[in-house]
Amino acid sequence: MARLRQLPEADLDAIRLVQDPKFPRWLKQVTATGGCAHPVHLSGSTATLDATTGEILQHYDTRNEPCERLLVRCRNRRATVCPACSRLHAGDTYHLVRAGLLGGKNVPATVRHRPRLFVTLTAPSFGAVHRAGEPCRPRRDGGTCEHGRPRGCGTVHVPDASAVGQPLCPDCYDYTAHVLWHAHASKLWDRFVIDVRRRLASSVGLVQSHFARYARLSFTRVAEYQKRAAVHVHAVIRLDGANGPDDEPPAWATTDLVADAVWASARRVMVRTPYSPAAGELALRWGVQVDARPLHADGDGPDDDAVAAYVAKYVTKGASETGAGTDRPLTTRTDIESAAVSDHVRALMRACWRLGGLPEYGPLNLRAWVHNLGYRGHILTKSRAYSTTYAALRAERAHHMGHVDIPQAVIERDWRYVGSGHTPGAALIAAGVAEDIAHNRAAAAESLQAGGDVT
């Protein structure tokens with residue numbers, strides 16, 4: 001017993017759990033969540049009734065469960081918060097993006113022959129920052145800024161150097177514009193998509209309001225934080241017929257035509273901020289670094305599977321993982337000062353907090369988004385007709401696992417939230433379950449690949 005007391009708290013808790021008579025059932029619940037790190041605890045019941053007779057066909061109640069609770073996934077996409085759920089989310093994202101590129105999931109395979117682009121749009125410059133690769137910012141004339149700091153840097157930084165992405169002069173850097181650009185980035189994207197449609201219509205002599213009668217522009221996009229803590233956007237854009245993926249586009253719809261519209265709209269669209277005595281009125285645009293790569297069915301261009309995997313990888317990254325914020329909201333100035341972030345990111349957080357206190361920026365709700373440096377959009381968004389949905393993918397997975405709907409039945413549910421997370425010992429066991437599942441999936445994937453190589 002003395003030795004047990006010397007064990008860490010998590011180990012003692014794990015021993016207590018294993019010795020519980022209901023441990024096998026609890027472990028089955030944890031395994032069903034994939035080893036979720038922060039499961040939601042629910043209490044209640046579900047009854048499936050025959051719609052005609054009222055007969056109870058199925059009944060489930062948590063009163064017979066360990067601690068009278070049911071554990072369900074937290075579904076957090078961030079790998080830093082829940083590795084198990086983030087892996088599942090990444091897989092769903094991969095299939096969602098891939099279906100829009102190659103078909104499947106009720107999307108016809110003919111979409112792979114439509115005009116398709118992989119587009120990257122960046123944030124504009126808010127001030128000079130250190131770069132990796134070649135000499136950072138060489139200047140023949142040297143010189144210093146008005147704050148007495150060098151205007152250039154001749155160092156060759158490695159990609160993971162702490163200086164990369166940091167301003168050469170923090171006092172010269174436009175933190176106000178950076179935060180306000182983040183706050184309006186989603187609106188700028190909406191303007192961009194609208195303008196692409198308008199330019200496509202004008203380029204073939206259509207009245208802009210008639211474009212939807214002939215073609216439909218579909219997309220999915222993911223936001224990624226760069227080293228300088230500025231968001232840029234990766235997007236897959238596809239042009240279909242008027243009825244979406246089931247409809248062939250008109251003969252005039254070509255990849256080059258869509259690419260020209262993307263380039264022109266990226267240079268043209270603009271969003272103006274509300275006037276502020278502190279910042280004036282800013283005209284916000286995309287950065288000069290724009291990329292629009294055609295995706296061809298014959299393989300001449302980026303690989304479709306690689307594009308889907310690329311998007312899926314970034315959708316699971318949290319702000320803390322990229323060094324561009326935190327994964328949880330910051331509610332006070334003290335939280336900002338104590339956050340484990342770089343001086344550059346802290347300065348952005350301070351600017352976000354300061355601007356959030358101005359009445360003219362009240363609708364932006366900036367203080368609620370300090371942890372994201374003012375960026376208020378979703379990490380991944382898609383147009384309705386691009387491909388399937390997360391809900392459909394989850395329903396398909398549930399069906400595959402044997403959760404089938406009973407026709408002509410009424411389901412009565414009575415659930416309530418009673419907690420979340422794990423005890424220290426439970427967290428250890430859940431992490432082991434998640435690791436085993438990930439290892440088994442990796443082994444199965446390697447086995448399939450090896451089998452394919454042999455054949």
# chains A, B, ... in the order shown; residues from 1 in each chain; ligands from 1
>>> closest_atom_pairs(of="stretch 248-342 of chain A", to="stretch 119-124 of chain A", cutoff="7 Å", atoms="only C-alpha atoms", output="tab-separated table")
residue	atom	partner	partner_atom	distance
A:Arg285	CA	A:Pro124	CA	6.9
A:Trp286	CA	A:Ala123	CA	5.4
A:Gly287	CA	A:Pro124	CA	3.6
A:Val288	CA	A:Pro124	CA	6.7
A:Gln289	CA	A:Thr122	CA	6.1
A:Val290	CA	A:Leu121	CA	5.1
A:Asp291	CA	A:Thr120	CA	5.0
A:Ala292	CA	A:Val119	CA	4.4
A:Arg293	CA	A:Val119	CA	6.3
>>> write_last_selection(atoms="N, CA, C and O atoms", output="PDB file, in the first residue's frame")
ATOM      1  N   ARG A 285      -7.407  44.409 -49.232  1.00  0.00           N
ATOM      2  CA  ARG A 285      -7.327  43.610 -50.462  1.00  0.00           C
ATOM      3  C   ARG A 285      -6.555  42.335 -50.195  1.00  0.00           C
ATOM      4  O   ARG A 285      -5.970  42.157 -49.127  1.00  0.00           O
ATOM      5  N   TRP A 286      -6.526  41.451 -51.217  1.00  0.00           N
ATOM      6  CA  TRP A 286      -5.664  40.284 -51.161  1.00  0.00           C
ATOM      7  C   TRP A 286      -4.223  40.704 -51.409  1.00  0.00           C
ATOM      8  O   TRP A 286      -3.960  41.755 -52.007  1.00  0.00           O
ATOM      9  N   GLY A 287      -3.293  39.883 -50.985  1.00  0.00           N
ATOM     10  CA  GLY A 287      -1.887  40.159 -51.232  1.00  0.00           C
ATOM     11  C   GLY A 287      -1.515  39.943 -52.691  1.00  0.00           C
ATOM     12  O   GLY A 287      -2.291  39.397 -53.485  1.00  0.00           O
ATOM     13  N   VAL A 288      -0.320  40.344 -53.053  1.00  0.00           N
ATOM     14  CA  VAL A 288       0.118  40.249 -54.452  1.00  0.00           C
ATOM     15  C   VAL A 288       0.477  38.813 -54.824  1.00  0.00           C
ATOM     16  O   VAL A 288       0.519  38.473 -56.012  1.00  0.00           O
ATOM     17  N   GLN A 289       0.747  37.962 -53.839  1.00  0.00           N
ATOM     18  CA  GLN A 289       1.098  36.569 -54.122  1.00  0.00           C
ATOM     19  C   GLN A 289      -0.185  35.755 -54.291  1.00  0.00           C
ATOM     20  O   GLN A 289      -0.834  35.382 -53.320  1.00  0.00           O
ATOM     21  N   VAL A 290      -0.532  35.501 -55.546  1.00  0.00           N
ATOM     22  CA  VAL A 290      -1.720  34.737 -55.903  1.00  0.00           C
ATOM     23  C   VAL A 290      -1.295  33.565 -56.778  1.00  0.00           C
ATOM     24  O   VAL A 290      -0.430  33.711 -57.642  1.00  0.00           O
ATOM     25  N   ASP A 291      -1.871  32.410 -56.539  1.00  0.00           N
ATOM     26  CA  ASP A 291      -1.550  31.232 -57.337  1.00  0.00           C
ATOM     27  C   ASP A 291      -2.839  30.550 -57.755  1.00  0.00           C
ATOM     28  O   ASP A 291      -3.748  30.385 -56.935  1.00  0.00           O
ATOM     29  N   ALA A 292      -2.944  30.170 -59.022  1.00  0.00           N
ATOM     30  CA  ALA A 292      -4.124  29.455 -59.529  1.00  0.00           C
ATOM     31  C   ALA A 292      -3.635  28.337 -60.439  1.00  0.00           C
ATOM     32  O   ALA A 292      -3.315  28.565 -61.611  1.00  0.00           O
ATOM     33  N   ARG A 293      -3.555  27.124 -59.905  1.00  0.00           N
ATOM     34  CA  ARG A 293      -3.017  25.992 -60.655  1.00  0.00           C
ATOM     35  C   ARG A 293      -4.148  25.127 -61.214  1.00  0.00           C
ATOM     36  O   ARG A 293      -5.008  24.661 -60.455  1.00  0.00           O
TER      37      ARG A 293
END
>>> residues_around(residues="A:Tyr225", least_positions_apart="4", cutoff="7 Å", atoms="only C-alpha atoms", output="PDB file with all heavy atoms, in the first residue's frame")
ATOM      1  N   ALA A 229       1.897  35.007 -38.962  1.00  0.00           N
ATOM      2  CA  ALA A 229       0.625  35.009 -38.241  1.00  0.00           C
ATOM      3  C   ALA A 229      -0.489  35.663 -39.032  1.00  0.00           C
ATOM      4  O   ALA A 229      -1.455  36.159 -38.449  1.00  0.00           O
ATOM      5  CB  ALA A 229       0.766  35.683 -36.873  1.00  0.00           C
ATOM      6  N   ALA A 230      -0.366  35.665 -40.351  1.00  0.00           N
ATOM      7  CA  ALA A 230      -1.426  36.172 -41.225  1.00  0.00           C
ATOM      8  C   ALA A 230      -2.073  34.997 -41.947  1.00  0.00           C
ATOM      9  O   ALA A 230      -1.394  34.062 -42.382  1.00  0.00           O
ATOM     10  CB  ALA A 230      -0.855  37.167 -42.244  1.00  0.00           C
ATOM     11  N   VAL A 231      -3.385  35.040 -42.048  1.00  0.00           N
ATOM     12  CA  VAL A 231      -4.132  33.968 -42.698  1.00  0.00           C
ATOM     13  C   VAL A 231      -3.993  34.053 -44.211  1.00  0.00           C
ATOM     14  O   VAL A 231      -4.025  35.146 -44.783  1.00  0.00           O
ATOM     15  CB  VAL A 231      -5.628  34.046 -42.299  1.00  0.00           C
ATOM     16  CG1 VAL A 231      -6.500  33.231 -43.240  1.00  0.00           C
ATOM     17  CG2 VAL A 231      -5.815  33.564 -40.871  1.00  0.00           C
ATOM     18  N   HIS A 232      -3.791  32.912 -44.848  1.00  0.00           N
ATOM     19  CA  HIS A 232      -3.997  32.861 -46.293  1.00  0.00           C
ATOM     20  C   HIS A 232      -4.916  31.688 -46.607  1.00  0.00           C
ATOM     21  O   HIS A 232      -5.190  30.843 -45.755  1.00  0.00           O
ATOM     22  CB  HIS A 232      -2.686  32.851 -47.087  1.00  0.00           C
ATOM     23  CG  HIS A 232      -1.848  31.626 -46.935  1.00  0.00           C
ATOM     24  ND1 HIS A 232      -0.657  31.449 -47.590  1.00  0.00           N
ATOM     25  CD2 HIS A 232      -2.004  30.513 -46.194  1.00  0.00           C
ATOM     26  CE1 HIS A 232      -0.132  30.292 -47.277  1.00  0.00           C
ATOM     27  NE2 HIS A 232      -0.927  29.698 -46.434  1.00  0.00           N
ATOM     28  N   THR A 322       0.484  26.382 -34.930  1.00  0.00           N
ATOM     29  CA  THR A 322       1.187  27.189 -35.924  1.00  0.00           C
ATOM     30  C   THR A 322       1.887  28.384 -35.295  1.00  0.00           C
ATOM     31  O   THR A 322       2.549  29.145 -35.994  1.00  0.00           O
ATOM     32  CB  THR A 322       0.205  27.697 -36.990  1.00  0.00           C
ATOM     33  OG1 THR A 322      -0.817  28.482 -36.358  1.00  0.00           O
ATOM     34  CG2 THR A 322      -0.450  26.535 -37.725  1.00  0.00           C
ATOM     35  N   ALA A 324       0.404  30.943 -34.030  1.00  0.00           N
ATOM     36  CA  ALA A 324      -0.320  32.163 -34.404  1.00  0.00           C
ATOM     37  C   ALA A 324      -1.527  32.400 -33.509  1.00  0.00           C
ATOM     38  O   ALA A 324      -2.555  32.887 -33.960  1.00  0.00           O
ATOM     39  CB  ALA A 324      -0.764  32.083 -35.862  1.00  0.00           C
TER      40      ALA A 324
END
>>> atom_distance(atom1="atom CA of A:His41", atom2="atom CA of A:Val72")
6.7 Å
>>> closest_residue(among="A:Gly244, A:Pro170, A:Gly356, A:Gly325", to="A:His147", atoms="only C-alpha atoms")
A:Pro170
>>> residues_around(residues="stretch 383-394 of chain A", least_positions_apart="6", cutoff="10 Å", atoms="only C-alpha atoms", output="JSON, numbers by chain")
{"A": [88, 89, 91, 92, 93, 95, 96, 97, 98, 99, 100, 101, 103, 104, 105, 106, 107, 108, 111, 216, 217, 218, 219, 220, 221, 236, 237, 238, 239, 240, 243, 244, 245, 246, 400]}
>>> select_by_dssp(residues="stretch 233-427 of chain A", states="strand (DSSP E)", output="PyMOL selection string")
chain A and resi 233-241+271-272+283-284+290-294+380-382+409-420
>>> closest_atom_pairs(of="stretch 256-313 of chain A", to="stretch 192-211 of chain A", cutoff="7 Å", atoms="only C-alpha atoms", output="JSON lines")
{"residue": "A:Val258", "atom": "CA", "partner": "A:Leu200", "partner_atom": "CA", "distance": 6.9}
{"residue": "A:Ala261", "atom": "CA", "partner": "A:Val196", "partner_atom": "CA", "distance": 5.4}
{"residue": "A:Val262", "atom": "CA", "partner": "A:Val196", "partner_atom": "CA", "distance": 5.9}
{"residue": "A:Ser265", "atom": "CA", "partner": "A:Val196", "partner_atom": "CA", "distance": 5.8}
{"residue": "A:Ala266", "atom": "CA", "partner": "A:Phe192", "partner_atom": "CA", "distance": 6.5}
{"residue": "A:Val269", "atom": "CA", "partner": "A:Phe192", "partner_atom": "CA", "distance": 6.0}
>>> write_last_selection(atoms="N, CA and C atoms", output="tab-separated table (two decimals), in the first residue's frame")
chain	number	residue	atom	x	y	z
A	258	VAL	N	-11.66	30.33	-66.35
A	258	VAL	CA	-11.83	30.44	-64.90
A	258	VAL	C	-10.57	31.01	-64.27
A	261	ALA	N	-10.39	34.74	-64.71
A	261	ALA	CA	-11.33	35.41	-63.82
A	261	ALA	C	-10.81	35.44	-62.38
A	262	VAL	N	-10.18	34.36	-61.95
A	262	VAL	CA	-9.62	34.30	-60.60
A	262	VAL	C	-8.52	35.33	-60.43
A	265	SER	N	-10.06	38.91	-60.43
A	265	SER	CA	-10.85	39.21	-59.22
A	265	SER	C	-9.95	39.34	-58.00
A	266	ALA	N	-8.90	38.53	-57.92
A	266	ALA	CA	-7.98	38.62	-56.78
A	266	ALA	C	-7.31	39.98	-56.72
A	269	VAL	N	-10.93	42.93	-56.08
A	269	VAL	CA	-11.90	43.04	-54.99
A	269	VAL	C	-11.31	43.75	-53.78
>>> select_by_dssp(residues="stretch 17-261 of chain A", states="alpha helix (DSSP H)", output="MDAnalysis selection string")
chainID A and resid 17:18 23:32 83:102 175:203 255:261
>>> closest_residue(among="A:Arg139, A:Arg416, A:Arg73, A:His182", to="A:Thr31", atoms="only C-alpha atoms")
A:Arg73
>>> closest_residue(among="A:Thr46, A:Arg78, A:Arg268, A:Val18", to="A:Thr316", atoms="only C-alpha atoms")
A:Arg78
>>> closest_residue(among="A:His157, A:Arg112, A:His296, A:His371", to="A:Leu330", atoms="only C-alpha atoms")
A:His371
>>> residues_around(residues="A:Glu435", least_positions_apart="4", cutoff="12 Å", atoms="only C-alpha atoms", output="list in words")
Thr31, Gly34, Gly35, Cys36, Ala37, Cys82, Pro83, Ala84, Arg87, Leu428, Ile429, Ala430, Ala431, His439, Asn440, Arg441 and Ala442 of chain A
>>> write_last_selection(atoms="N, CA, C and O atoms", output="mmCIF file, in the first residue's frame")
data_model
loop_
_atom_site.group_PDB
_atom_site.id
_atom_site.type_symbol
_atom_site.label_atom_id
_atom_site.label_comp_id
_atom_site.auth_asym_id
_atom_site.auth_seq_id
_atom_site.Cartn_x
_atom_site.Cartn_y
_atom_site.Cartn_z
ATOM 1 N N THR A 31 -13.399 3.081 -26.223
ATOM 2 C CA THR A 31 -12.990 2.590 -27.540
ATOM 3 C C THR A 31 -13.953 3.057 -28.624
ATOM 4 O O THR A 31 -13.542 3.395 -29.740
ATOM 5 N N GLY A 34 -13.117 6.264 -29.968
ATOM 6 C CA GLY A 34 -11.815 6.340 -30.620
ATOM 7 C C GLY A 34 -10.713 6.804 -29.697
ATOM 8 O O GLY A 34 -9.646 7.218 -30.150
ATOM 9 N N GLY A 35 -10.971 6.786 -28.382
ATOM 10 C CA GLY A 35 -9.981 7.304 -27.444
ATOM 11 C C GLY A 35 -10.023 8.813 -27.346
ATOM 12 O O GLY A 35 -8.993 9.460 -27.092
ATOM 13 N N CYS A 36 -11.206 9.394 -27.542
ATOM 14 C CA CYS A 36 -11.376 10.848 -27.483
ATOM 15 C C CYS A 36 -10.779 11.404 -26.190
ATOM 16 O O CYS A 36 -10.992 10.853 -25.107
ATOM 17 N N ALA A 37 -10.019 12.503 -26.304
ATOM 18 C CA ALA A 37 -9.329 13.072 -25.143
ATOM 19 C C ALA A 37 -10.265 13.863 -24.231
ATOM 20 O O ALA A 37 -9.997 14.003 -23.038
ATOM 21 N N CYS A 82 -7.548 17.346 -29.238
ATOM 22 C CA CYS A 82 -7.952 15.936 -29.212
ATOM 23 C C CYS A 82 -7.388 15.238 -30.450
ATOM 24 O O CYS A 82 -7.961 15.335 -31.540
ATOM 25 N N PRO A 83 -6.275 14.536 -30.319
ATOM 26 C CA PRO A 83 -5.682 13.850 -31.472
ATOM 27 C C PRO A 83 -6.626 12.845 -32.121
ATOM 28 O O PRO A 83 -6.662 12.727 -33.351
ATOM 29 N N ALA A 84 -7.412 12.141 -31.321
ATOM 30 C CA ALA A 84 -8.299 11.115 -31.875
ATOM 31 C C ALA A 84 -9.368 11.727 -32.766
ATOM 32 O O ALA A 84 -9.594 11.284 -33.897
ATOM 33 N N ARG A 87 -7.980 13.306 -36.048
ATOM 34 C CA ARG A 87 -7.687 12.339 -37.109
ATOM 35 C C ARG A 87 -8.957 11.970 -37.863
ATOM 36 O O ARG A 87 -8.961 11.856 -39.092
ATOM 37 N N LEU A 428 -5.050 8.655 -19.364
ATOM 38 C CA LEU A 428 -3.950 7.765 -19.755
ATOM 39 C C LEU A 428 -4.463 6.585 -20.575
ATOM 40 O O LEU A 428 -3.900 6.243 -21.628
ATOM 41 N N ILE A 429 -5.534 5.967 -20.096
ATOM 42 C CA ILE A 429 -6.073 4.798 -20.795
ATOM 43 C C ILE A 429 -6.631 5.201 -22.154
ATOM 44 O O ILE A 429 -6.408 4.515 -23.164
ATOM 45 N N ALA A 430 -7.341 6.332 -22.215
ATOM 46 C CA ALA A 430 -7.909 6.803 -23.486
ATOM 47 C C ALA A 430 -6.811 7.119 -24.494
ATOM 48 O O ALA A 430 -6.946 6.811 -25.685
ATOM 49 N N ALA A 431 -5.710 7.710 -24.036
ATOM 50 C CA ALA A 431 -4.595 8.007 -24.941
ATOM 51 C C ALA A 431 -4.006 6.726 -25.519
ATOM 52 O O ALA A 431 -3.640 6.664 -26.699
ATOM 53 N N HIS A 439 -2.310 3.188 -34.682
ATOM 54 C CA HIS A 439 -1.295 2.223 -35.127
ATOM 55 C C HIS A 439 -1.922 1.150 -36.015
ATOM 56 O O HIS A 439 -1.367 0.786 -37.062
ATOM 57 N N ASN A 440 -3.084 0.650 -35.615
ATOM 58 C CA ASN A 440 -3.750 -0.395 -36.397
ATOM 59 C C ASN A 440 -4.172 0.121 -37.773
ATOM 60 O O ASN A 440 -4.070 -0.597 -38.779
ATOM 61 N N ARG A 441 -4.652 1.369 -37.823
ATOM 62 C CA ARG A 441 -5.041 1.951 -39.109
ATOM 63 C C ARG A 441 -3.832 2.132 -40.008
ATOM 64 O O ARG A 441 -3.894 1.881 -41.216
ATOM 65 N N ALA A 442 -2.725 2.595 -39.426
ATOM 66 C CA ALA A 442 -1.512 2.775 -40.219
ATOM 67 C C ALA A 442 -1.004 1.439 -40.749
ATOM 68 O O ALA A 442 -0.577 1.330 -41.911
#
